[in-house]
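The file data.pdb comes next; it holds PDB, C-alpha atoms, pLDDT in the B column.
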ATOM      1  CA  MET A   1      33.999 -30.917 -11.676  1.00 59.00           C
ATOM      2  CA  THR A   2      36.383 -28.690  -9.724  1.00 60.00           C
ATOM      3  CA  TYR A   3      35.868 -27.765  -6.096  1.00 50.00           C
ATOM      4  CA  PHE A   4      34.918 -24.201  -7.139  1.00 48.00           C
ATOM      5  CA  GLN A   5      32.342 -25.467  -9.687  1.00 48.00           C
ATOM      6  CA  THR A   6      30.871 -27.806  -7.076  1.00 45.00           C
ATOM      7  CA  LEU A   7      30.602 -24.925  -4.603  1.00 43.00           C
ATOM      8  CA  ILE A   8      28.862 -22.691  -7.191  1.00 48.00           C
ATOM      9  CA  ALA A   9      26.450 -25.501  -8.150  1.00 46.00           C
ATOM     10  CA  ALA A  10      25.566 -26.124  -4.502  1.00 44.00           C
ATOM     11  CA  ALA A  11      24.975 -22.409  -3.900  1.00 43.00           C
ATOM     12  CA  ALA A  12      22.757 -22.175  -6.999  1.00 43.00           C
ATOM     13  CA  ALA A  13      20.728 -25.213  -5.917  1.00 42.00           C
ATOM     14  CA  THR A  14      20.246 -23.705  -2.457  1.00 41.00           C
ATOM     15  CA  LEU A  15      19.072 -20.380  -3.902  1.00 40.00           C
ATOM     16  CA  LEU A  16      16.617 -22.100  -6.237  1.00 40.00           C
ATOM     17  CA  ALA A  17      15.177 -24.104  -3.337  1.00 39.00           C
ATOM     18  CA  MET A  18      14.509 -20.972  -1.242  1.00 38.00           C
ATOM     19  CA  PRO A  19      10.994 -19.555  -1.115  1.00 38.00           C
ATOM     20  CA  ALA A  20      10.205 -16.687  -3.480  1.00 38.00           C
ATOM     21  CA  PHE A  21       9.934 -14.275  -0.556  1.00 35.00           C
ATOM     22  CA  ALA A  22      12.969 -14.487   1.639  1.00 37.00           C
ATOM     23  CA  HIS A  23      11.957 -11.702   4.012  1.00 46.00           C
ATOM     24  CA  ASP A  24       9.162 -10.983   6.461  1.00 65.00           C
ATOM     25  CA  GLY A  25       6.922  -7.963   6.610  1.00 89.00           C
ATOM     26  CA  VAL A  26       4.898  -6.024   4.109  1.00 95.00           C
ATOM     27  CA  HIS A  27       5.826  -4.636   0.714  1.00 96.00           C
ATOM     28  CA  VAL A  28       3.868  -1.778  -0.851  1.00 97.00           C
ATOM     29  CA  SER A  29       3.719  -1.488  -4.626  1.00 96.00           C
ATOM     30  CA  ASP A  30       1.875   0.221  -7.442  1.00 96.00           C
ATOM     31  CA  ALA A  31       0.821   3.198  -5.308  1.00 97.00           C
ATOM     32  CA  TYR A  32      -0.724   6.292  -6.859  1.00 97.00           C
ATOM     33  CA  ALA A  33      -3.101   9.089  -5.881  1.00 97.00           C
ATOM     34  CA  ARG A  34      -5.808  11.048  -7.632  1.00 96.00           C
ATOM     35  CA  VAL A  35      -6.932  14.451  -6.420  1.00 96.00           C
ATOM     36  CA  ASN A  36     -10.141  16.335  -7.107  1.00 91.00           C
ATOM     37  CA  GLY A  37      -9.420  20.060  -6.927  1.00 85.00           C
ATOM     38  CA  GLY A  38      -7.118  22.295  -4.925  1.00 88.00           C
ATOM     39  CA  LEU A  39      -6.991  23.343  -1.291  1.00 92.00           C
ATOM     40  CA  GLY A  40      -9.808  21.867   0.787  1.00 92.00           C
ATOM     41  CA  ALA A  41     -10.637  19.303  -1.895  1.00 94.00           C
ATOM     42  CA  THR A  42     -10.501  15.516  -1.741  1.00 96.00           C
ATOM     43  CA  GLY A  43      -8.258  12.801  -3.080  1.00 96.00           C
ATOM     44  CA  ALA A  44      -7.790   9.056  -2.947  1.00 97.00           C
ATOM     45  CA  ILE A  45      -4.800   6.721  -2.769  1.00 98.00           C
ATOM     46  CA  PHE A  46      -4.674   3.278  -4.331  1.00 97.00           C
ATOM     47  CA  LEU A  47      -1.958   0.651  -3.811  1.00 98.00           C
ATOM     48  CA  GLU A  48      -1.170  -2.993  -3.216  1.00 97.00           C
ATOM     49  CA  VAL A  49       0.206  -4.433   0.037  1.00 98.00           C
ATOM     50  CA  MET A  50       1.872  -7.844  -0.082  1.00 98.00           C
ATOM     51  CA  ASN A  51       2.249  -9.610   3.261  1.00 97.00           C
ATOM     52  CA  HIS A  52       5.440 -11.697   3.114  1.00 96.00           C
ATOM     53  CA  ALA A  53       5.025 -12.902   6.696  1.00 95.00           C
ATOM     54  CA  ASP A  54       3.525 -16.249   7.621  1.00 94.00           C
ATOM     55  CA  VAL A  55       1.034 -14.561   9.964  1.00 96.00           C
ATOM     56  CA  ASP A  56      -1.994 -12.469   9.101  1.00 97.00           C
ATOM     57  CA  ASP A  57      -1.620  -8.719   9.464  1.00 97.00           C
ATOM     58  CA  ARG A  58      -4.055  -5.812   9.390  1.00 97.00           C
ATOM     59  CA  LEU A  59      -3.782  -2.308   7.949  1.00 98.00           C
ATOM     60  CA  MET A  60      -5.119  -0.438  10.977  1.00 98.00           C
ATOM     61  CA  ASP A  61      -4.654   3.214  10.058  1.00 98.00           C
ATOM     62  CA  VAL A  62      -3.120   5.597   7.562  1.00 98.00           C
ATOM     63  CA  ARG A  63      -1.571   9.013   8.202  1.00 98.00           C
ATOM     64  CA  SER A  64      -0.438  11.939   6.106  1.00 98.00           C
ATOM     65  CA  ASP A  65      -0.001  15.657   6.720  1.00 97.00           C
ATOM     66  CA  VAL A  66      -1.427  16.646   3.307  1.00 97.00           C
ATOM     67  CA  ALA A  67      -5.083  16.526   4.423  1.00 97.00           C
ATOM     68  CA  ASP A  68      -7.252  17.350   7.423  1.00 97.00           C
ATOM     69  CA  LYS A  69      -8.593  13.772   7.446  1.00 97.00           C
ATOM     70  CA  VAL A  70      -6.935  10.626   6.118  1.00 98.00           C
ATOM     71  CA  GLU A  71      -9.076   7.489   6.412  1.00 97.00           C
ATOM     72  CA  LEU A  72      -9.404   3.950   5.173  1.00 97.00           C
ATOM     73  CA  HIS A  73     -12.576   3.780   3.064  1.00 95.00           C
ATOM     74  CA  THR A  74     -14.648   1.206   1.238  1.00 91.00           C
ATOM     75  CA  HIS A  75     -17.674   1.247  -1.057  1.00 81.00           C
ATOM     76  CA  ILE A  76     -20.933  -0.360   0.099  1.00 81.00           C
ATOM     77  CA  ALA A  77     -24.268  -0.799  -1.629  1.00 78.00           C
ATOM     78  CA  THR A  78     -27.290   0.687   0.120  1.00 81.00           C
ATOM     79  CA  ALA A  79     -30.663  -1.102   0.224  1.00 85.00           C
ATOM     80  CA  ASP A  80     -31.699   0.748  -2.941  1.00 88.00           C
ATOM     81  CA  GLY A  81     -28.510  -0.306  -4.784  1.00 83.00           C
ATOM     82  CA  VAL A  82     -26.698   3.021  -4.578  1.00 83.00           C
ATOM     83  CA  MET A  83     -22.946   2.762  -3.919  1.00 81.00           C
ATOM     84  CA  GLN A  84     -21.642   4.896  -1.053  1.00 81.00           C
ATOM     85  CA  MET A  85     -18.212   5.394   0.493  1.00 85.00           C
ATOM     86  CA  ARG A  86     -17.830   4.608   4.174  1.00 88.00           C
ATOM     87  CA  GLN A  87     -14.927   4.746   6.603  1.00 92.00           C
ATOM     88  CA  VAL A  88     -13.518   1.336   7.511  1.00 93.00           C
ATOM     89  CA  ILE A  89     -13.472   0.841  11.280  1.00 94.00           C
ATOM     90  CA  GLY A  90     -11.095  -1.827  12.616  1.00 95.00           C
ATOM     91  CA  GLY A  91      -8.751  -1.924   9.637  1.00 96.00           C
ATOM     92  CA  LEU A  92      -8.340  -4.098   6.560  1.00 97.00           C
ATOM     93  CA  ALA A  93      -7.073  -7.683   6.666  1.00 97.00           C
ATOM     94  CA  VAL A  94      -3.817  -8.545   4.918  1.00 97.00           C
ATOM     95  CA  PRO A  95      -3.698 -12.367   5.022  1.00 97.00           C
ATOM     96  CA  ALA A  96      -0.376 -14.165   5.445  1.00 96.00           C
ATOM     97  CA  LEU A  97       1.491 -14.568   2.146  1.00 96.00           C
ATOM     98  CA  GLU A  98      -1.287 -12.748   0.275  1.00 97.00           C
ATOM     99  CA  ALA A  99      -2.037  -9.255  -0.983  1.00 97.00           C
ATOM    100  CA  LEU A 100      -4.501  -6.512  -0.137  1.00 97.00           C
ATOM    101  CA  THR A 101      -5.338  -4.305  -3.111  1.00 97.00           C
ATOM    102  CA  LEU A 102      -6.732  -0.828  -2.571  1.00 97.00           C
ATOM    103  CA  ARG A 103      -8.399   0.194  -5.848  1.00 95.00           C
ATOM    104  CA  ARG A 104     -11.013   2.441  -7.363  1.00 91.00           C
ATOM    105  CA  GLY A 105     -14.523   1.297  -6.576  1.00 88.00           C
ATOM    106  CA  GLY A 106     -13.310  -0.725  -3.592  1.00 92.00           C
ATOM    107  CA  ASP A 107     -11.159  -0.264  -0.526  1.00 96.00           C
ATOM    108  CA  HIS A 108      -8.973   2.859  -0.725  1.00 97.00           C
ATOM    109  CA  ILE A 109      -7.368   5.647   1.298  1.00 98.00           C
ATOM    110  CA  MET A 110      -9.427   8.834   1.359  1.00 97.00           C
ATOM    111  CA  LEU A 111      -7.853  12.291   1.679  1.00 97.00           C
ATOM    112  CA  MET A 112     -10.343  14.939   2.841  1.00 97.00           C
ATOM    113  CA  GLY A 113      -9.616  18.626   3.179  1.00 97.00           C
ATOM    114  CA  LEU A 114      -6.343  18.864   1.267  1.00 97.00           C
ATOM    115  CA  LYS A 115      -3.958  21.273   3.000  1.00 97.00           C
ATOM    116  CA  VAL A 116      -1.748  21.681  -0.069  1.00 94.00           C
ATOM    117  CA  GLU A 117      -2.499  21.949  -3.756  1.00 94.00           C
ATOM    118  CA  LEU A 118      -1.349  18.733  -5.402  1.00 95.00           C
ATOM    119  CA  HIS A 119      -0.469  18.288  -9.069  1.00 95.00           C
ATOM    120  CA  ASP A 120       0.532  15.357 -11.271  1.00 96.00           C
ATOM    121  CA  GLY A 121       3.998  14.179 -10.283  1.00 96.00           C
ATOM    122  CA  ASP A 122       3.848  15.525  -6.716  1.00 97.00           C
ATOM    123  CA  MET A 123       4.708  13.001  -4.018  1.00 98.00           C
ATOM    124  CA  ILE A 124       2.486  12.450  -0.979  1.00 98.00           C
ATOM    125  CA  PRO A 125       4.256  11.105   2.124  1.00 98.00           C
ATOM    126  CA  VAL A 126       2.028   8.485   3.748  1.00 98.00           C
ATOM    127  CA  THR A 127       2.449   6.280   6.820  1.00 98.00           C
ATOM    128  CA  LEU A 128       0.605   2.967   6.756  1.00 98.00           C
ATOM    129  CA  VAL A 129       0.065   1.561  10.253  1.00 97.00           C
ATOM    130  CA  PHE A 130      -0.048  -2.236  10.464  1.00 97.00           C
ATOM    131  CA  GLU A 131      -0.984  -4.361  13.446  1.00 96.00           C
ATOM    132  CA  HIS A 132       2.180  -6.508  13.183  1.00 96.00           C
ATOM    133  CA  ALA A 133       4.499  -4.862  10.641  1.00 96.00           C
ATOM    134  CA  GLY A 134       4.258  -1.487  12.385  1.00 96.00           C
ATOM    135  CA  ASN A 135       4.628   1.792  10.521  1.00 96.00           C
ATOM    136  CA  VAL A 136       5.562   1.694   6.854  1.00 96.00           C
ATOM    137  CA  GLN A 137       6.340   4.955   5.064  1.00 97.00           C
ATOM    138  CA  VAL A 138       5.669   5.333   1.348  1.00 97.00           C
ATOM    139  CA  ASN A 139       5.810   8.248  -1.062  1.00 97.00           C
ATOM    140  CA  VAL A 140       2.771   8.150  -3.317  1.00 98.00           C
ATOM    141  CA  PRO A 141       2.876   9.948  -6.687  1.00 98.00           C
ATOM    142  CA  VAL A 142      -0.127  11.977  -7.842  1.00 97.00           C
ATOM    143  CA  ASP A 143      -1.267  10.594 -11.207  1.00 96.00           C
ATOM    144  CA  ASN A 144      -4.651  11.990 -12.240  1.00 94.00           C
ATOM    145  CA  ALA A 145      -4.391  10.546 -15.761  1.00 92.00           C
ATOM    146  CA  ARG A 146      -3.905   6.965 -14.555  1.00 88.00           C
ATOM    147  CA  LYS A 147      -6.472   4.481 -15.811  1.00 76.00           C
ATOM    148  CA  PRO A 148      -8.098   2.233 -13.160  1.00 72.00           C
ATOM    149  CA  ASP A 149      -6.264  -0.969 -14.123  1.00 65.00           C
ATOM    150  CA  ALA A 150      -2.996   0.511 -15.402  1.00 59.00           C
ATOM    151  CA  LYS A 151       0.209  -0.481 -13.666  1.00 58.00           C
ATOM    152  CA  GLY A 152       2.618   2.324 -12.922  1.00 51.00           C
ATOM    153  CA  ALA A 153       5.833   3.058 -11.124  1.00 41.00           C
ATOM    154  CA  MET A 154       6.435   1.167  -7.930  1.00 37.00           C
ATOM    155  CA  ALA A 155       6.359   2.863  -4.539  1.00 38.00           C
ATOM    156  CA  HIS A 156       8.185   0.650  -2.095  1.00 35.00           C
ATOM    157  CA  GLY A 157       7.673   0.752   1.632  1.00 38.00           C
ATOM    158  CA  SER A 158      10.149  -0.248   4.238  1.00 36.00           C
ATOM    159  CA  MET A 159      10.134  -3.903   5.197  1.00 34.00           C
ATOM    160  CA  GLU A 160      10.839  -3.038   8.798  1.00 36.00           C
ATOM    161  CA  PRO A 161       8.981  -0.678  11.121  1.00 36.00           C
ATOM    162  CA  PRO A 162      10.883   2.441  12.206  1.00 36.00           C
ATOM    163  CA  ALA A 163      13.023   2.070  15.327  1.00 38.00           C
ATOM    164  CA  SER A 164      10.712   4.213  17.427  1.00 37.00           C
ATOM    165  CA  ASN A 165       7.318   5.932  17.268  1.00 35.00           C
TER     166      ASN A 165
END
Translate this structure into structure tokens?
Amino acid sequence: MTYFQTLIAAAAATLLAMPAFAHDGVHVSDAYARVNGGLGATGAIFLEVMNHADVDDRLMDVRSDVADKVELHTHIATADGVMQMRQVIGGLAVPALEALTLRRGGDHIMLMGLKVELHDGDMIPVTLVFEHAGNVQVNVPVDNARKPDAKGAMAHGSMEPPASN
């Protein structure tokens, strides 16, 4: 084996031995929104957050200029078995090296009082605020035809928080 072949083999072995996630922070994927009507109406955002860090994180808040109120929500069952949406106070846990999935019928981002009329294909700029990862900006496509378990285009967030906020 030549020196060059030995060097390439060593580099390949090193790469194969590295962990699957070679970076810290959070990664947002599979984001999409559904809206219910025009101006003043409501909408919801669904996505997955993967925490690549070796420490737990927490999605504390979410912000967007497209609605009067943007909140983290969940569904809870009342004493009589009726499901209701409620705002999540204190954020949502994103365990180290695990994922948090915001989906229909579960945890999600609620948009209330839409300030703009949104249509399929429009992009919603959203800032996710994490306890450790900081602010992560994502552009979320409106996809009203999306089925609950369908996988769509990826919406990737920054791995690093912005320099200042």
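Of the listed residues A:Glu117, A:Asp143, A:Asp107, A:Glu98, the one whose atoms come nearest to A:Asp57 is A:Glu98, with distances taken using all atoms listed in the file.
Residue membership of the PyMOL selection byres ((chain A and resi 120-125) around 10) in the shown file amounts to Tyr32, Ala33, Arg34, Val35, Ile45, Arg63, Ser64, Asp65, Val66, Glu117, Leu118, His119, Val126, Thr127, Gln137, Val138, Asn139, Val140, Pro141, Val142, Asp143, Asn144 and Ala145 of chain A.
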Which of A:Thr74, A:Ala96, A:Gly81, A:Phe46 sits closest to A:Lys147 [using only C-alpha atoms]: A:Phe46
To test the calculation: enclose all listed atoms of stretch 25-29 of chain A in a box whose edges run along x, y and z, add 6 Å on each side, then state centre and edge lengths in Å to one decimal, as JSON.
{"center_x": 5.3, "center_y": -4.7, "center_z": 1.0, "size_x": 15.2, "size_y": 18.5, "size_z": 23.2}
Apply the PyMOL selection byres ((chain A and resi 90) around 10) to the structure shown and report the selected residues as a PyMOL selection string. chain A and resi 58-61+72+87-89+91-93
Got a sec to resolve the PyMOL selection byres ((chain A and resi 42) around 10) on this structure and send the residues as a PyMOL selection string? chain A and resi 34-41+43-44+67-70+110-115
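When only C-alpha atoms are used to measure the gap to A:His75, the shortest distance among A:Leu47, A:Val116, A:Ala53, A:Leu102 belongs to A:Leu102.
Note that the spacing between atom CA of A:His132 and atom CA of A:Asp30 amounts to 21.7 Å.
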Report the distance between atom CA of A:Ile109 and atom CA of A:Gln84 in Å, rounded to one decimal place. 14.5 Å
So how far away is atom CA of A:Asn135 from atom CA of A:Arg86, in Å? 23.5 Å
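Nearest to A:Met83 of all the residues A:Asn51, A:Gly105, A:Phe130, A:Pro148 is A:Gly105, counting all atoms listed in the file.
Distances here use all atoms listed in the file; by that measure, the residue among A:Ala99, A:Ala77, A:Val62, A:Met85 closest to A:Val49 is A:Ala99.
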